[in-house]
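This is query_3.txt (compact mmCIF, C-alpha atoms).
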# COMPACT_ATOMS: atom_id res chain seq x y z
CA MET C 543 -36.43 -34.64 40.14
CA ALA C 544 -39.23 -32.08 40.01
CA SER C 545 -40.44 -29.85 42.78
CA LEU C 546 -42.99 -31.14 45.24
CA THR C 547 -46.43 -32.02 43.98
CA ALA C 548 -49.49 -30.48 45.57
CA GLN C 549 -50.17 -33.73 47.41
CA GLN C 550 -46.59 -33.94 48.63
CA ARG C 551 -46.82 -30.38 49.94
CA LYS C 552 -50.01 -31.26 51.79
CA ASP C 553 -48.44 -34.41 53.22
CA LEU C 554 -45.34 -32.49 54.23
CA ILE C 555 -47.39 -29.87 56.09
CA GLU C 556 -49.13 -32.64 58.00
CA GLU C 557 -45.76 -34.22 58.71
CA LEU C 558 -44.15 -31.05 60.08
CA PRO C 559 -45.07 -31.53 63.78
CA ARG C 560 -43.68 -35.05 63.74
CA LEU C 561 -40.64 -33.91 61.80
CA LYS C 562 -40.08 -31.20 64.40
CA ARG C 563 -40.09 -33.81 67.17
CA PHE C 564 -37.70 -35.91 65.14
CA CYS C 565 -35.40 -32.89 64.84
CA LEU C 566 -35.51 -32.46 68.60
CA SER C 567 -34.81 -36.13 69.14
CA LEU C 568 -31.71 -35.78 66.99
CA THR C 569 -30.42 -32.49 68.31
CA SER C 570 -31.79 -32.39 71.88
CA ASP C 571 -31.67 -28.62 71.54
CA PRO C 572 -34.77 -26.59 70.57
CA ALA C 573 -32.84 -23.95 68.64
CA ASP C 574 -30.91 -26.58 66.72
CA ALA C 575 -34.17 -28.43 66.13
CA ASP C 576 -35.76 -25.32 64.63
CA ASP C 577 -32.73 -24.78 62.41
CA LEU C 578 -32.69 -28.41 61.36
CA LEU C 579 -36.38 -28.35 60.54
CA GLN C 580 -35.94 -25.14 58.55
CA ILE C 581 -33.09 -26.43 56.44
CA THR C 582 -34.84 -29.75 55.94
CA VAL C 583 -37.88 -27.98 54.53
CA GLU C 584 -35.67 -25.76 52.40
CA ARG C 585 -33.87 -28.77 51.00
CA LEU C 586 -37.12 -30.54 50.25
CA LEU C 587 -38.51 -27.47 48.49
CA GLU C 588 -35.34 -26.93 46.52
CA LYS C 589 -34.61 -30.51 45.54
CA GLY C 590 -38.10 -31.96 45.55
CA MET C 591 -38.63 -35.68 45.85
CA PRO C 592 -39.63 -38.50 43.51
CA LYS C 593 -43.30 -38.55 42.62
CA ASP C 594 -43.75 -41.93 44.28
CA ALA C 595 -41.70 -41.12 47.38
CA HIS C 596 -43.17 -41.67 50.83
CA VAL C 597 -43.14 -38.14 52.19
CA ALA C 598 -42.58 -39.08 55.83
CA LYS C 599 -39.73 -41.46 55.10
CA TRP C 600 -38.13 -39.19 52.54
CA SER C 601 -38.31 -36.10 54.76
CA HIS C 602 -36.95 -37.97 57.77
CA ARG C 603 -34.07 -39.30 55.70
CA VAL C 604 -33.22 -35.83 54.41
CA CYS C 605 -33.46 -34.46 57.94
CA ARG C 606 -31.22 -37.14 59.41
CA ASN C 607 -28.62 -36.76 56.68
CA LEU C 608 -28.52 -33.00 57.16
CA TRP C 609 -28.01 -33.45 60.88
CA ILE C 610 -25.23 -35.93 60.29
CA ASP C 611 -23.57 -33.43 57.96
CA GLU C 612 -23.93 -30.78 60.62
CA ILE C 613 -22.49 -32.76 63.51
CA ARG C 614 -19.60 -33.83 61.32
CA SER C 615 -18.80 -30.17 60.87
CA ARG C 616 -18.93 -29.41 64.56
CA ASP C 617 -16.43 -30.06 67.26
CA VAL C 618 -17.95 -33.15 68.79
CA ARG C 619 -16.02 -32.84 72.01
CA SER C 620 -17.26 -29.34 72.73
CA ARG C 621 -20.77 -30.37 71.83
CA TYR C 622 -20.92 -33.11 74.38
CA ALA C 623 -19.15 -31.08 77.01
CA GLN C 624 -22.38 -29.17 77.46
CA SER C 625 -24.01 -32.14 79.10
CA GLU C 626 -25.40 -30.07 81.94
CA SER C 627 -27.70 -28.06 79.71
CA VAL C 628 -31.23 -29.31 79.29
CA ILE C 629 -33.86 -29.13 76.60
CA GLU C 630 -35.43 -25.71 76.83
CA GLY C 631 -39.13 -25.14 76.84
CA ALA C 632 -39.78 -28.09 79.08
CA GLY C 633 -40.51 -26.09 82.18
CA THR C 634 -36.94 -25.39 83.25
CA THR C 635 -37.90 -21.99 84.58
CA SER C 636 -40.86 -23.11 86.59
CA ALA C 637 -39.94 -26.32 88.29
CA THR C 638 -42.39 -25.62 91.04
CA THR C 639 -44.21 -28.93 91.03
CA ASP C 640 -43.09 -32.50 91.27
CA GLU C 641 -44.21 -33.13 87.72
CA SER C 642 -42.34 -30.19 86.24
CA LEU C 643 -39.27 -31.23 88.22
CA GLN C 644 -39.66 -34.71 86.78
CA LEU C 645 -39.92 -33.25 83.29
CA ASP C 646 -36.72 -31.30 83.86
CA ARG C 647 -35.00 -34.48 84.93
CA VAL C 648 -36.36 -36.38 81.94
CA SER C 649 -35.24 -33.60 79.64
CA ALA C 650 -31.72 -33.68 81.02
CA ALA C 651 -31.62 -37.47 80.95
CA MET C 652 -32.84 -37.52 77.35
CA GLU C 653 -30.07 -35.16 76.37
CA ARG C 654 -27.51 -37.46 77.94
CA LEU C 655 -28.69 -40.40 75.87
CA PRO C 656 -26.69 -41.27 72.77
CA PRO C 657 -28.47 -39.62 69.80
CA GLU C 658 -29.25 -42.92 68.10
CA GLN C 659 -30.95 -44.24 71.25
CA ARG C 660 -32.86 -41.00 71.72
CA ALA C 661 -34.09 -41.04 68.12
CA ALA C 662 -35.22 -44.66 68.38
CA LEU C 663 -37.03 -44.08 71.67
CA VAL C 664 -38.85 -41.03 70.34
CA GLN C 665 -39.99 -42.86 67.23
CA VAL C 666 -41.38 -45.74 69.28
CA ALA C 667 -42.52 -44.17 72.55
CA VAL C 668 -43.61 -40.76 71.28
CA GLU C 669 -44.60 -41.35 67.67
CA GLY C 670 -46.05 -44.79 68.32
CA CYS C 671 -44.07 -46.50 65.57
CA SER C 672 -43.72 -50.25 65.57
CA TYR C 673 -40.13 -51.50 65.60
CA ALA C 674 -40.45 -52.29 61.90
CA GLU C 675 -41.69 -48.77 61.11
CA ALA C 676 -38.97 -47.13 63.18
CA ALA C 677 -36.37 -49.36 61.55
CA ALA C 678 -37.56 -48.33 58.10
CA LEU C 679 -37.55 -44.67 59.04
CA LEU C 680 -34.13 -44.72 60.67
CA GLU C 681 -32.74 -47.20 58.14
CA VAL C 682 -31.40 -49.73 60.64
CA PRO C 683 -32.33 -53.36 61.33
CA ILE C 684 -35.35 -54.09 63.51
CA GLY C 685 -33.13 -55.73 66.10
CA THR C 686 -31.14 -52.55 66.38
CA ILE C 687 -34.31 -50.61 67.16
CA MET C 688 -35.23 -53.16 69.85
CA SER C 689 -31.82 -52.85 71.40
CA ARG C 690 -31.63 -49.05 71.22
CA VAL C 691 -35.10 -48.56 72.69
CA ALA C 692 -34.46 -50.99 75.52
CA ARG C 693 -31.08 -49.50 76.36
CA ALA C 694 -32.53 -45.99 76.19
CA ARG C 695 -35.25 -46.92 78.68
CA LYS C 696 -32.76 -48.62 80.97
CA ALA C 697 -30.43 -45.62 80.86
CA LEU C 698 -33.32 -43.24 81.48
CA ALA C 699 -34.53 -45.23 84.47
CA GLU C 700 -31.08 -45.38 86.01
CA ASP C 701 -30.34 -41.74 85.28
CA LEU C 702 -33.64 -40.56 86.76
CA GLU C 703 -33.28 -42.79 89.79
CA TRP C 704 -29.81 -41.40 90.38
CA SER C 705 -31.02 -37.82 89.89
CA ALA C 706 -33.86 -38.32 92.35
CA GLU C 707 -31.56 -39.84 94.96
CA ARG C 708 -29.02 -37.05 94.53
CA GLU C 709 -31.66 -34.37 94.98
CA ALA C 710 -33.42 -36.12 97.87
CA MET H 1051 -24.54 -42.55 59.23
CA MET H 1052 -24.99 -42.83 62.95
CA SER H 1053 -22.77 -45.22 64.88
CA ASP H 1054 -23.85 -48.77 64.33
CA ASP H 1055 -24.47 -50.99 67.33
CA ARG H 1056 -25.30 -54.21 65.58
CA GLN H 1057 -23.08 -56.12 67.96
CA ASN H 1058 -25.78 -55.46 70.55
CA VAL H 1059 -28.72 -56.46 68.44
CA VAL H 1060 -31.21 -58.57 70.29
CA ASP H 1061 -31.76 -62.01 68.85
CA MET H 1062 -35.20 -62.38 67.39
CA ASP H 1063 -35.63 -65.79 69.01
CA GLY H 1064 -35.22 -64.22 72.42
CA THR H 1065 -32.28 -66.31 73.55
CA ARG H 1066 -30.21 -63.23 74.41
CA VAL H 1067 -33.06 -61.03 75.55
CA ASP H 1068 -32.61 -59.84 79.13
CA ASP H 1069 -35.40 -58.54 81.35
CA ASP H 1070 -34.93 -54.93 80.28
CA HIS H 1071 -35.35 -55.90 76.67
CA LEU H 1072 -38.32 -58.10 77.48
CA LEU H 1073 -40.07 -55.34 79.40
CA SER H 1074 -39.32 -52.82 76.69
CA MET H 1075 -40.73 -55.09 74.01
CA TYR H 1076 -43.75 -55.77 76.21
CA VAL H 1077 -44.40 -52.03 76.59
CA ASP H 1078 -44.20 -51.66 72.81
CA ASN H 1079 -46.44 -54.64 72.14
CA GLU H 1080 -43.62 -56.31 70.23
CA LEU H 1081 -43.48 -59.58 72.16
CA ASP H 1082 -45.01 -62.65 70.61
CA ALA H 1083 -47.91 -64.36 72.39
CA GLU H 1084 -45.80 -67.04 74.02
CA ARG H 1085 -43.33 -64.67 75.60
CA THR H 1086 -46.10 -62.24 76.55
CA ILE H 1087 -47.87 -64.97 78.53
CA ALA H 1088 -44.63 -65.95 80.23
CA LEU H 1089 -43.78 -62.37 81.13
CA VAL H 1090 -47.25 -61.58 82.47
CA SER H 1091 -46.97 -64.60 84.69
CA ARG H 1092 -43.64 -63.41 86.00
CA LEU H 1093 -44.99 -59.89 86.56
CA ARG H 1094 -47.67 -61.32 88.84
CA ASN H 1095 -45.07 -63.03 90.99
CA GLU H 1096 -42.07 -60.69 90.85
CA PRO H 1097 -42.71 -57.29 92.48
CA ARG H 1098 -39.32 -55.94 91.47
CA LEU H 1099 -39.92 -56.79 87.84
CA ARG H 1100 -43.37 -55.21 88.03
CA ALA H 1101 -41.92 -52.10 89.64
CA ARG H 1102 -39.36 -51.88 86.87
CA LEU H 1103 -42.13 -52.05 84.28
CA GLU H 1104 -44.06 -49.30 86.05
CA VAL H 1105 -41.00 -47.06 86.09
CA MET H 1106 -40.47 -47.71 82.40
CA GLU H 1107 -44.07 -46.85 81.54
CA ALA H 1108 -44.02 -43.72 83.72
CA ASN H 1109 -40.83 -42.53 82.06
CA ASP H 1110 -42.35 -43.16 78.64
CA GLN H 1111 -45.28 -40.94 79.59
CA ARG H 1112 -42.93 -38.18 80.68
CA VAL H 1113 -40.96 -38.44 77.45
CA ARG H 1114 -44.20 -38.16 75.49
CA LYS H 1115 -45.21 -35.15 77.53
CA LEU H 1116 -41.80 -33.60 77.01
CA PHE H 1117 -41.91 -33.99 73.25
CA VAL H 1118 -45.57 -33.46 72.51
CA GLU H 1119 -46.74 -30.92 75.04
CA ALA H 1120 -43.73 -28.98 76.24
CA VAL H 1121 -41.86 -28.60 73.00
CA ASN H 1122 -42.19 -25.45 70.93
CA PRO H 1123 -44.47 -25.97 67.94
CA VAL H 1124 -43.52 -25.89 64.29
CA PRO H 1125 -42.46 -22.34 63.35
CA GLN H 1126 -45.50 -20.77 61.72
CA HIS H 1127 -43.70 -19.41 58.69
CA LEU H 1128 -42.87 -22.92 57.51
CA ILE H 1129 -46.44 -23.85 56.68
CA PRO H 1130 -47.12 -21.13 54.08
CA MET H 1131 -43.60 -21.71 52.82
CA VAL H 1132 -44.39 -25.34 52.08
CA ALA H 1133 -47.86 -24.51 50.78
CA SER H 1134 -46.62 -21.91 48.31
CA GLU H 1135 -45.60 -23.05 44.88
CA ASN H 1136 -43.36 -20.04 44.42
CA VAL H 1137 -40.49 -19.46 46.82
CA SER H 1138 -37.31 -17.45 46.65
CA VAL H 1139 -34.14 -17.97 48.64
CA LEU H 1140 -32.96 -15.37 51.12
CA ARG H 1141 -29.59 -15.37 52.80
CA ALA H 1142 -29.89 -15.86 56.49
CA THR H 1143 -27.73 -15.16 59.47
CA ARG H 1144 -28.27 -17.90 61.97
CA ARG H 1145 -26.40 -20.21 64.19
CA TRP H 1146 -25.87 -22.60 61.32
CA GLN H 1147 -24.18 -20.09 59.07
CA ARG H 1148 -23.96 -22.27 56.04
CA TRP H 1149 -27.70 -22.59 55.85
CA ALA H 1150 -29.76 -20.47 53.54
CA SER H 1151 -33.35 -19.69 54.31
CA VAL H 1152 -36.42 -19.57 52.15
CA ALA H 1153 -39.25 -17.10 52.27
CA VAL H 1154 -42.52 -17.00 50.46
CA ALA H 1155 -41.86 -14.55 47.68
CA ALA H 1156 -45.25 -14.25 46.07
CA SER H 1157 -48.63 -15.85 46.05
CA PHE H 1158 -48.47 -16.12 42.32
CA ALA H 1159 -45.68 -16.14 39.79
CA THR H 1160 -45.04 -12.94 37.92
CA ALA H 1161 -42.72 -11.75 35.21
CA LEU H 1162 -40.44 -8.86 36.00
CA ALA H 1163 -39.96 -6.80 32.89
CA LEU H 1164 -37.91 -3.96 34.28
CA VAL H 1165 -36.03 -3.39 37.48
CA VAL H 1166 -34.89 0.05 38.55
CA ASP H 1167 -32.37 0.51 41.30
CA VAL H 1168 -33.55 3.77 42.83
CA SER H 1169 -30.27 4.27 44.61
CA GLN H 1170 -29.10 5.42 41.19
CA THR H 1171 -30.77 8.83 41.18
CA ASP H 1172 -30.30 9.52 37.48
CA VAL H 1173 -32.76 6.86 36.34
CA PHE H 1174 -36.49 7.42 36.04
CA ASN H 1175 -38.22 6.27 39.19
CA PRO H 1176 -41.84 5.32 38.57
CA MET H 1177 -42.30 4.32 42.20
CA SER H 1178 -41.38 7.43 44.11
CA MET H 1179 -42.76 7.14 47.60
CA ASP H 1180 -46.03 8.93 48.35
CA PRO H 1181 -48.07 9.16 51.55
CA GLN H 1182 -50.66 6.60 50.48
CA LEU H 1183 -48.09 4.00 49.57
CA ALA H 1184 -46.14 4.74 52.74
CA ARG H 1185 -49.28 4.31 54.81
CA ALA H 1186 -50.04 0.99 53.13
CA LEU H 1187 -46.52 -0.20 53.83
CA GLU H 1188 -46.89 0.96 57.41
CA GLU H 1189 -50.22 -0.69 58.13
CA SER H 1190 -51.13 -3.49 55.73
CA PRO H 1191 -50.35 -7.10 56.60
CA SER H 1192 -48.76 -9.33 54.00
CA ARG H 1193 -51.18 -11.58 52.17
CA ALA H 1194 -51.21 -14.28 49.57
CA THR H 1195 -54.28 -13.09 47.71
CA GLY H 1196 -56.40 -9.99 47.34
CA TRP H 1197 -55.57 -6.31 47.25
CA ASP H 1198 -55.83 -3.21 49.38
CA ILE H 1199 -57.41 -0.32 47.48
CA LEU H 1200 -55.59 2.96 48.04
CA ASP H 1201 -57.41 6.28 47.95
CA ASP H 1202 -56.37 6.96 44.35
CA ASP H 1203 -57.64 3.53 43.28
CA ARG H 1204 -54.23 1.96 43.09
CA GLN H 1205 -54.19 -1.64 44.30
CA PHE H 1206 -51.58 -2.62 46.84
CA ARG H 1207 -50.47 -5.90 48.32
CA SER H 1208 -47.61 -6.50 50.73
CA VAL H 1209 -45.97 -9.82 49.91
CA LEU H 1210 -43.55 -10.28 52.79
CA THR H 1211 -41.66 -8.50 55.55
CA PHE H 1212 -38.04 -9.24 56.39
CA PRO H 1213 -35.18 -7.77 58.43
CA ALA H 1214 -32.28 -6.18 56.54
CA ALA H 1215 -28.65 -6.60 57.52
CA ASP H 1216 -28.44 -2.96 58.65
CA GLY H 1217 -31.31 -3.42 61.10
CA ARG H 1218 -34.06 -1.88 58.99
CA TRP H 1219 -37.36 -3.60 58.28
CA CYS H 1220 -38.12 -4.10 54.60
CA ARG H 1221 -41.23 -5.14 52.69
CA GLU H 1222 -41.68 -6.60 49.27
CA PHE H 1223 -44.88 -5.38 47.68
CA LEU H 1224 -46.98 -5.34 44.52
CA LEU H 1225 -48.77 -2.28 43.16
CA ILE H 1226 -51.23 -1.90 40.31
CA GLN H 1227 -51.81 1.53 38.80
CA GLY H 1228 -54.06 1.45 35.75
CA GLU H 1229 -52.45 -0.90 33.29
CA SER H 1230 -49.09 -0.78 35.03
CA HIS H 1231 -48.06 -3.43 37.47
CA TRP H 1232 -45.12 -2.95 39.77
CA ARG H 1233 -43.11 -5.02 42.18
CA GLY H 1234 -40.75 -3.41 44.63
CA VAL H 1235 -38.98 -3.51 47.95
CA ALA H 1236 -39.15 -0.61 50.42
CA CYS H 1237 -37.29 -0.34 53.71
CA ARG H 1238 -38.20 1.69 56.77
CA ASP H 1239 -35.45 4.23 57.37
CA SER H 1240 -35.71 6.52 60.42
CA GLY H 1241 -39.48 6.24 60.40
CA GLU H 1242 -39.84 6.78 56.64
CA TRP H 1243 -40.49 4.17 53.98
CA VAL H 1244 -37.97 4.39 51.15
CA ASN H 1245 -38.11 2.38 47.93
CA GLN H 1246 -35.01 0.33 47.38
CA VAL H 1247 -35.75 -1.42 44.12
CA VAL H 1248 -38.84 -1.35 41.93
CA GLY H 1249 -39.79 -2.83 38.60
CA SER H 1250 -42.72 -3.07 36.25
CA GLU H 1251 -44.19 -6.47 35.75
CA VAL H 1252 -46.15 -8.27 33.10
CA PHE H 1253 -48.80 -10.54 34.50
CA LEU H 1254 -49.52 -13.30 32.05
CA GLU H 1255 -52.66 -15.06 32.96
CA GLN H 1256 -52.71 -18.68 31.94
CA GLU H 1257 -55.74 -20.65 32.96
CA THR H 1258 -56.32 -19.49 36.51
CA GLN H 1259 -52.70 -18.96 37.45
CA TYR H 1260 -50.25 -16.19 36.76
CA ARG H 1261 -47.16 -17.57 35.10
CA PRO H 1262 -43.72 -16.04 34.72
CA ALA H 1263 -42.79 -14.69 31.29
CA GLY H 1264 -39.10 -14.83 32.05
CA ALA H 1265 -37.69 -16.38 35.18
CA GLY H 1266 -34.36 -14.62 34.74
CA ASP H 1267 -35.88 -11.16 35.12
CA SER H 1268 -37.68 -11.90 38.35
CA GLU H 1269 -34.41 -12.90 39.93
CA GLN H 1270 -33.33 -9.27 40.19
CA VAL H 1271 -35.72 -8.39 43.00
CA ALA H 1272 -34.98 -11.75 44.57
CA ARG H 1273 -31.27 -10.96 44.30
CA PHE H 1274 -31.81 -7.65 46.08
CA ILE H 1275 -33.64 -9.44 48.88
CA ASP H 1276 -30.97 -12.11 48.86
CA GLU H 1277 -28.27 -9.52 49.43
CA THR H 1278 -30.24 -7.51 51.97
CA ALA H 1279 -32.15 -9.92 54.18
CA THR H 1280 -30.57 -11.38 57.27
CA ASP H 1281 -33.32 -13.77 58.22
CA VAL H 1282 -36.45 -15.41 56.97
CA ALA H 1283 -39.60 -13.46 56.27
CA LEU H 1284 -41.75 -12.85 59.32
CA GLY H 1285 -44.70 -15.10 60.03
CA PRO H 1286 -48.18 -13.56 60.17
CA GLN H 1287 -48.24 -13.18 63.93
CA GLN H 1288 -44.74 -11.73 64.12
CA GLU H 1289 -45.61 -9.25 61.39
CA ALA H 1290 -48.90 -8.30 63.05
CA THR H 1291 -47.07 -7.64 66.31
CA LEU H 1292 -44.51 -5.52 64.50
CA ILE H 1293 -47.17 -3.46 62.73
CA ALA H 1294 -49.14 -3.01 65.93
CA SER H 1295 -46.03 -1.82 67.76
CA GLY H 1296 -45.32 0.83 65.11
CA TRP H 1297 -42.25 -0.94 63.80
In C-alpha cells, what does this structure look like?
Amino acid sequence: MASLTAQQRKDLIEELPRLKRFCLSLTSDPADADDLLQITVERLLEKGMPKDAHVAKWSHRVCRNLWIDEIRSRDVRSRYAQSESVIEGAGTTSATTDESLQLDRVSAAMERLPPEQRAALVQVAVEGCSYAEAAALLEVPIGTIMSRVARARKALAEDLEWSAEREA
Amino acid sequence: MMSDDRQNVVDMDGTRVDDDHLLSMYVDNELDAERTIALVSRLRNEPRLRARLEVMEANDQRVRKLFVEAVNPVPQHLIPMVASENVSVLRATRRWQRWASVAVAASFATALALVVDVSQTDVFNPMSMDPQLARALEESPSRATGWDILDDDRQFRSVLTFPAADGRWCREFLLIQGESHWRGVACRDSGEWVNQVVGSEVFLEQETQYRPAGAGDSEQVARFIDETATDVALGPQQEATLIASGW
C-alpha cells in the first residue's frame, strides 16, 4: 500500500474536523481525543490507504481500531471510575447562564453514555448521517444504529431530567 | 470491536419499536411514510409524547452545540503535516506513551550527503555558529517555501521548531552558501544558539520537485531529532508566540 495520494491528503484535511468530533465521541475526553486524532493521522500517513479507499470510512475505521487498542491496554475499571469528570472546553468554568449550565449537564451525561451509544448518536445527531451511513462507518447493522441512537437519547433525557431535579 | 448489542436491535418492521425508538427515528427522518403519519397523528393528541419529542430535539441541539461549537478545533499542526509529502517521525512524550508523533520535516525532499556531529570537536565543522545565523534562528518563522537572505547573501530557511528532552528549544534549518547546501539542527542553550548536527546536502532537481538522492543518508538528521525531540513540532501560531516572547 503506497502513501496517500494528493487527493487523499486533500480529502483527509477536509475530514479532520469531523474526525476530531469522532475522536471525542469515542473518548469523551478532549486530551484523549487530540491524542487519538494525532495517532490516527500518523498511522494514515505511515501506512497509507488503498488508492480506491473512501477516505472518511477508512480514516474512521483506523481511528476506531486505534481507540479499541488503547482502551484494551488501559485499566477499564479505573477509566470508568472517573465518571464525575466532564468534557472540558464545554463551558465548565463559566456556567453562568442557563444554557452553559445545560451544556455542562449534557457534557457530563454524554460522558456517562456507553461509548458505542455516544459514537452512534454523534454520527447521526451531530454529523447528520443517515442510519445506513452511520452503520457503514461504524461497521454495525443498521438496526444496531437505530437501537443505540434511541437508547442514547432516552438515557440522555433521563440523565438530564434527573440532574435538573437534583440541582433544583 | 466494541460490545455488540444485536440482541436489542429494533425490528425493521416496527413490531418491537417502542415510543422512544419511534420518536428517535422520527427525529432522524428514518420512519417510513405510514409510520410517520401515524406518529404525527399521535403527537397531535398526546401531550406527553409531544413533550418527550421536544426534549429529545432540544437535547440533540445541545449535543450538536457541544461537539461543533464548544469543542477545541483540530490541532493546527496536523493540517500541514497531512499536506506535506515529506514527513519524519519524532519520538514524543505524551499521555499515550506508546505513540510516536510526526512532524513536517521539510517542504521538499533533499539528499543528505554528509552529517557532522559537532559535539565531536575534532571534526571539521562547516556550520560554526555566527551572529547572522543565530539571529535568523532567533527571529525567522519556519516556512515551507522561500528563503531569508542573510547579510552575507547566504539563504536561510527554518524548517521546524521542536522541544528537546532537556527543555531546550531546537530548530531544524536549511542554509545555502554559494554552491554549498546545508541542513542542520541548532538548539538554544542559555540564550545562545548552538549547532547540534549539520550536514551538506545535494539538491537534485527533477522536474519541479527536489528528490532525495539517498534516503538512508537523510535519516541521520531525522535520527538526531528522533532522539532529541519530546513532542511534535510547533504549529505556526505556537512558534510565532515563542519567537515574539524571546524564547
Pairwise distance for CA of Ala1108 (chain H) and CA of Leu680 (chain C), rounded to one decimal in Å: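 These atoms are spaced 25.1 Å apart.
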Nearest residue to Ala575 (chain C) from the set H:Glu1289, H:Ile1087, H:Pro1123, H:Leu1099 (distances using all atoms listed in the file):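 Between H:Glu1289, H:Ile1087, H:Pro1123, H:Leu1099, the residue approaching Ala575 (chain C) most closely is H:Pro1123.
Remark: for chain H, the closest of the candidate residues C:Ala678, C:Cys605, C:Leu568, C:Ile581 is C:Ile581 (distances computed over only C-alpha atoms).
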Nearest residue to Leu578 (chain C) from the set C:Met591, C:Val597, C:Leu566, C:Arg647 (distances using all atoms listed in the file):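 Answer, going by the shortest atom-to-atom distance: C:Leu566.
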Residue nearest Ser567 (chain C) - candidates H:Arg1193, H:His1127, H:Arg1221, H:Arg1114, atoms counted: all atoms listed in the file: H:Arg1114
Separation of CA of Asp1216 (chain H) from CA of Glu1189 (chain H) in Å: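 Atom-to-atom, CA of Glu1189 (chain H) and CA of Asp1216 (chain H) are spaced 21.9 Å apart.
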Between CA of Gln580 (chain C) and CA of Cys1237 (chain H) - distance in Å to one decimal: 25.3 Å
Selected residue of minimal separation from chain C among H:Leu1200, H:Val1235, H:Leu1103, H:Ile1226, counting only C-alpha atoms: H:Leu1103
Chain H contacts on chain C, only C-alpha atoms, 8 Å, as a PyMOL selection string: chain C and resi 551-552+554-555+558-559+562-563+572+576-577+580-581+583-584+587+607+610+631-633+644-645+648-649+658+664+666-668+672-673+685-686+688-689+691-693+695-696+698-699
Option closest in space to Gly1196 (chain H), from H:Gln1288, H:Val1209, H:Gln1182, H:Ala1236 [counting all atoms listed in the file]: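 Going through H:Gln1288, H:Val1209, H:Gln1182, H:Ala1236 one by one, the smallest distance to Gly1196 (chain H) is for H:Val1209.
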Non-local contacts of Ser1192 (chain H) (10 Å; only C-alpha atoms; under 4 positions in same chain excluded) as number ranges by chain: H: 1156, 1187, 1207-1211, 1221-1223, 1284-1286, 1289-1290
